[in-house]
>>> print(open('model26.txt').read())   # compact mmCIF, N, CA and C atoms
# COMPACT_ATOMS: atom_id res chain seq x y z
N MET A 1 99.44 122.08 110.18
CA MET A 1 99.52 121.86 108.76
C MET A 1 99.76 123.19 108.05
N LYS A 2 100.27 123.07 106.86
CA LYS A 2 100.56 124.26 106.07
C LYS A 2 99.27 124.83 105.51
N GLY A 3 99.40 125.87 104.67
CA GLY A 3 98.24 126.55 104.12
C GLY A 3 97.34 125.65 103.30
N THR A 4 96.16 126.17 102.99
CA THR A 4 95.18 125.37 102.27
C THR A 4 95.47 125.31 100.77
N ASN A 5 96.45 126.05 100.26
CA ASN A 5 96.78 126.03 98.85
C ASN A 5 97.76 124.92 98.50
N SER A 6 97.94 123.94 99.37
CA SER A 6 98.88 122.86 99.14
C SER A 6 98.46 122.03 97.95
N LYS A 7 99.47 121.62 97.18
CA LYS A 7 99.23 120.74 96.05
C LYS A 7 99.38 119.30 96.52
N PHE A 8 98.50 118.43 96.05
CA PHE A 8 98.55 117.03 96.42
C PHE A 8 99.25 116.24 95.33
N ILE A 9 99.89 115.15 95.75
CA ILE A 9 100.63 114.30 94.83
C ILE A 9 100.38 112.84 95.22
N SER A 10 100.25 111.99 94.21
CA SER A 10 100.02 110.56 94.48
C SER A 10 101.34 109.83 94.67
N ALA A 11 101.27 108.62 95.18
CA ALA A 11 102.47 107.80 95.37
C ALA A 11 103.17 107.55 94.03
N LYS A 12 102.40 107.31 92.99
CA LYS A 12 102.96 107.08 91.65
C LYS A 12 103.69 108.34 91.15
N GLU A 13 103.10 109.50 91.39
CA GLU A 13 103.73 110.76 90.98
C GLU A 13 105.00 111.02 91.79
N ILE A 14 104.99 110.68 93.07
CA ILE A 14 106.20 110.82 93.90
C ILE A 14 107.32 109.98 93.31
N SER A 15 106.99 108.75 92.96
CA SER A 15 107.97 107.83 92.39
C SER A 15 108.58 108.41 91.12
N PHE A 16 107.75 108.94 90.24
CA PHE A 16 108.22 109.50 88.97
C PHE A 16 109.00 110.80 89.18
N LYS A 17 108.43 111.73 89.94
CA LYS A 17 109.01 113.06 90.09
C LYS A 17 110.34 113.04 90.86
N PHE A 18 110.42 112.22 91.91
CA PHE A 18 111.61 112.21 92.75
C PHE A 18 112.54 111.03 92.45
N LYS A 19 112.19 110.26 91.41
CA LYS A 19 113.03 109.16 90.93
C LYS A 19 113.37 108.14 92.01
N ILE A 20 112.32 107.73 92.73
CA ILE A 20 112.50 106.66 93.71
C ILE A 20 111.51 105.56 93.36
N PRO A 21 111.86 104.31 93.61
CA PRO A 21 110.95 103.20 93.28
C PRO A 21 109.63 103.30 94.04
N TYR A 22 108.57 102.88 93.36
CA TYR A 22 107.24 102.89 93.98
C TYR A 22 107.20 102.10 95.29
N PRO A 23 107.83 100.92 95.35
CA PRO A 23 107.84 100.19 96.63
C PRO A 23 108.51 100.98 97.76
N THR A 24 109.48 101.83 97.42
CA THR A 24 110.13 102.66 98.44
C THR A 24 109.14 103.69 98.99
N VAL A 25 108.32 104.26 98.12
CA VAL A 25 107.28 105.20 98.57
C VAL A 25 106.35 104.48 99.55
N ASN A 26 105.94 103.26 99.19
CA ASN A 26 105.08 102.48 100.09
C ASN A 26 105.77 102.19 101.41
N HIS A 27 107.04 101.81 101.35
CA HIS A 27 107.81 101.51 102.56
C HIS A 27 107.91 102.74 103.46
N TYR A 28 108.23 103.89 102.88
CA TYR A 28 108.33 105.12 103.65
C TYR A 28 106.98 105.50 104.26
N THR A 29 105.89 105.26 103.52
CA THR A 29 104.55 105.53 104.07
C THR A 29 104.27 104.61 105.25
N ASN A 30 104.60 103.33 105.09
CA ASN A 30 104.35 102.36 106.17
C ASN A 30 105.18 102.66 107.41
N LEU A 31 106.39 103.17 107.23
CA LEU A 31 107.24 103.52 108.37
C LEU A 31 106.78 104.80 109.05
N GLY A 32 106.01 105.64 108.34
CA GLY A 32 105.52 106.88 108.93
C GLY A 32 106.24 108.13 108.45
N PHE A 33 107.06 108.03 107.40
CA PHE A 33 107.75 109.20 106.88
C PHE A 33 106.77 110.16 106.21
N PHE A 34 105.77 109.61 105.54
CA PHE A 34 104.77 110.43 104.84
C PHE A 34 103.40 110.17 105.43
N SER A 35 102.60 111.23 105.49
CA SER A 35 101.22 111.11 105.94
C SER A 35 100.29 111.16 104.74
N VAL A 36 99.38 110.20 104.67
CA VAL A 36 98.36 110.22 103.62
C VAL A 36 97.33 111.26 104.04
N ILE A 37 97.15 112.27 103.21
CA ILE A 37 96.26 113.37 103.54
C ILE A 37 94.82 113.04 103.17
N LYS A 38 94.63 112.45 102.00
CA LYS A 38 93.30 112.00 101.61
C LYS A 38 93.44 110.90 100.56
N ARG A 39 92.33 110.28 100.28
CA ARG A 39 92.29 109.17 99.31
C ARG A 39 91.25 109.46 98.24
N LYS A 40 91.56 109.02 97.03
CA LYS A 40 90.60 109.01 95.93
C LYS A 40 90.55 107.58 95.45
N GLY A 41 89.58 106.83 95.92
CA GLY A 41 89.53 105.40 95.61
C GLY A 41 90.73 104.72 96.25
N ASN A 42 91.54 104.05 95.43
CA ASN A 42 92.74 103.39 95.93
C ASN A 42 93.98 104.27 95.86
N ILE A 43 93.82 105.51 95.45
CA ILE A 43 94.96 106.42 95.28
C ILE A 43 95.16 107.21 96.56
N ARG A 44 96.38 107.12 97.12
CA ARG A 44 96.72 107.90 98.32
C ARG A 44 97.29 109.24 97.86
N LEU A 45 96.88 110.29 98.52
CA LEU A 45 97.38 111.63 98.18
C LEU A 45 98.15 112.21 99.36
N TYR A 46 99.27 112.84 99.04
CA TYR A 46 100.17 113.43 100.02
C TYR A 46 100.35 114.91 99.68
N ARG A 47 100.80 115.70 100.65
CA ARG A 47 101.15 117.11 100.38
C ARG A 47 102.51 117.13 99.71
N GLU A 48 102.57 117.69 98.52
CA GLU A 48 103.80 117.67 97.74
C GLU A 48 104.95 118.38 98.46
N GLU A 49 104.70 119.54 99.05
CA GLU A 49 105.79 120.28 99.70
C GLU A 49 106.33 119.52 100.92
N GLU A 50 105.45 118.82 101.63
CA GLU A 50 105.89 118.03 102.78
C GLU A 50 106.75 116.85 102.31
N VAL A 51 106.32 116.19 101.23
CA VAL A 51 107.07 115.05 100.69
C VAL A 51 108.46 115.51 100.23
N LYS A 52 108.52 116.62 99.50
CA LYS A 52 109.80 117.12 99.00
C LYS A 52 110.74 117.46 100.15
N SER A 53 110.22 118.16 101.15
CA SER A 53 111.02 118.54 102.30
C SER A 53 111.55 117.32 103.04
N ARG A 54 110.68 116.35 103.24
CA ARG A 54 111.09 115.14 103.97
C ARG A 54 112.08 114.31 103.17
N LEU A 55 111.85 114.18 101.86
CA LEU A 55 112.77 113.41 101.03
C LEU A 55 114.16 114.04 101.01
N ASP A 56 114.21 115.37 100.95
CA ASP A 56 115.51 116.07 100.99
C ASP A 56 116.27 115.67 102.26
N LYS A 57 115.57 115.68 103.40
CA LYS A 57 116.20 115.32 104.67
C LYS A 57 116.55 113.85 104.72
N ILE A 58 115.64 113.00 104.26
CA ILE A 58 115.88 111.55 104.28
C ILE A 58 117.12 111.23 103.45
N PHE A 59 117.21 111.76 102.22
CA PHE A 59 118.35 111.46 101.35
C PHE A 59 119.66 111.98 101.95
N ARG A 60 119.62 113.17 102.53
CA ARG A 60 120.83 113.75 103.13
C ARG A 60 121.30 112.89 104.31
N TRP A 61 120.36 112.53 105.19
CA TRP A 61 120.74 111.75 106.37
C TRP A 61 121.14 110.32 106.02
N LYS A 62 120.49 109.75 105.00
CA LYS A 62 120.90 108.41 104.55
C LYS A 62 122.33 108.46 104.01
N ASP A 63 122.65 109.51 103.24
CA ASP A 63 124.02 109.67 102.72
C ASP A 63 125.04 109.82 103.84
N GLU A 64 124.60 110.39 104.97
CA GLU A 64 125.49 110.54 106.12
C GLU A 64 125.58 109.26 106.94
N GLY A 65 124.81 108.23 106.56
CA GLY A 65 124.92 106.93 107.21
C GLY A 65 123.90 106.62 108.29
N TYR A 66 122.91 107.49 108.47
CA TYR A 66 121.89 107.25 109.50
C TYR A 66 120.91 106.17 109.04
N PRO A 67 120.50 105.26 109.93
CA PRO A 67 119.49 104.26 109.57
C PRO A 67 118.10 104.90 109.52
N LEU A 68 117.19 104.27 108.78
CA LEU A 68 115.85 104.84 108.59
C LEU A 68 115.11 105.05 109.90
N ARG A 69 115.24 104.13 110.84
CA ARG A 69 114.52 104.27 112.13
C ARG A 69 114.97 105.53 112.88
N LEU A 70 116.26 105.84 112.83
CA LEU A 70 116.77 107.05 113.49
C LEU A 70 116.33 108.29 112.71
N ILE A 71 116.33 108.20 111.38
CA ILE A 71 115.86 109.33 110.55
C ILE A 71 114.41 109.66 110.89
N LEU A 72 113.59 108.63 111.08
CA LEU A 72 112.20 108.86 111.44
C LEU A 72 112.10 109.61 112.76
N LYS A 73 112.89 109.22 113.75
CA LYS A 73 112.89 109.93 115.04
C LYS A 73 113.33 111.38 114.86
N MET A 74 114.35 111.58 114.02
CA MET A 74 114.85 112.94 113.79
C MET A 74 113.79 113.81 113.11
N LEU A 75 113.06 113.23 112.16
CA LEU A 75 111.98 113.98 111.49
C LEU A 75 110.86 114.33 112.46
N LYS A 76 110.50 113.39 113.33
CA LYS A 76 109.43 113.64 114.29
C LYS A 76 109.83 114.72 115.29
N ASN A 77 111.11 114.75 115.67
CA ASN A 77 111.58 115.77 116.61
C ASN A 77 111.70 117.13 115.96
N ALA A 78 111.83 117.17 114.64
CA ALA A 78 111.99 118.44 113.92
C ALA A 78 110.65 119.15 113.70
N ARG A 79 109.54 118.50 113.97
CA ARG A 79 108.22 119.12 113.72
C ARG A 79 107.95 120.24 114.65
>>> encode(input="model26.txt", output="structure tokens")
Amino acid sequence: MKGTNSKFISAKEISFKFKIPYPTVNHYTNLGFFSVIKRKGNIRLYREEEVKSRLDKIFRWKDEGYPLRLILKMLKNAR
């Protein structure tokens, strides 16, 4: 994991900041693209820098025509 100074972001904030639908954030979480780092009640929190980095790659590879299942494998191999 990255340093301890990481900023956390909620699923709702991801949706707003990166202009993707909230159900898409849930779908990506369920597929394993994002890791929930901690919870505050019903609110899932993610590392903002990890989400941004992964979304950049997801959007680029989707534009190149890769399916989500293959993108997930590519992300896991890039760790």
>>> select_by_dssp(input="model26.txt", residues="chain A", states="alpha helix (DSSP H)", output="PyMOL selection string")
chain A and resi 11-18+22-31+48-63+68-78
>>> closest_residue(input="model26.txt", among="A:Lys52, A:Lys40, A:Lys57, A:Lys19", to="Lys76 of chain A", atoms="only C-alpha atoms")
A:Lys57
>>> residues_near_point(input="model26.txt", point="(108.3, 106.9, 108.5)", cutoff="8 Å", atoms="only N, CA and C atoms", output="number ranges by chain")
A: 27-35, 68-69, 71-73
>>> closest_residue(input="model26.txt", among="A:Ile9, A:Ile58, A:Ile20, A:Leu70", to="Tyr46 of chain A", atoms="only N, CA and C atoms")
A:Ile9
>>> closest_residue(input="model26.txt", among="A:Lys38, A:Asp63, A:Thr24, A:Arg44", to="Ala11 of chain A", atoms="only C-alpha atoms")
A:Arg44
>>> atom_distance(input="model26.txt", atom1="atom CA of Leu75 of chain A", atom2="atom CA of Asp56 of chain A")
11.3 Å
>>> atom_distance(input="model26.txt", atom1="atom C of Val36 of chain A", atom2="atom N of Arg54 of chain A")
14.3 Å
>>> select_by_dssp(input="model26.txt", residues="chain A", states="strand (DSSP E)", output="list in words")
Phe8, Ile9, Ser10, Lys38, Arg39, Lys40, Ile43, Arg44, Leu45, Tyr46 and Arg47 of chain A
>>> atom_distance(input="model26.txt", atom1="atom CA of Arg60 of chain A", atom2="atom C of Ile43 of chain A")
27.3 Å
>>> closest_residue(input="model26.txt", among="A:Tyr22, A:Pro67, A:Arg39, A:Glu49", to="Ser6 of chain A", atoms="only C-alpha atoms")
A:Glu49
>>> closest_residue(input="model26.txt", among="A:Ala78, A:Lys7, A:Pro21, A:Lys12", to="Arg47 of chain A", atoms="only C-alpha atoms")
A:Lys7
>>> closest_residue(input="model26.txt", among="A:Glu64, A:Ile37, A:Glu48, A:Asn42", to="Ile14 of chain A", atoms="only C-alpha atoms")
A:Glu48
>>> axis_aligned_box(input="model26.txt", around="segment 22-38 of chain A", padding_each_side="5 Å", output="AutoDock Vina command-line options")
--center_x 101.7 --center_y 106.8 --center_z 101.2 --size_x 26.8 --size_y 23.2 --size_z 25.7
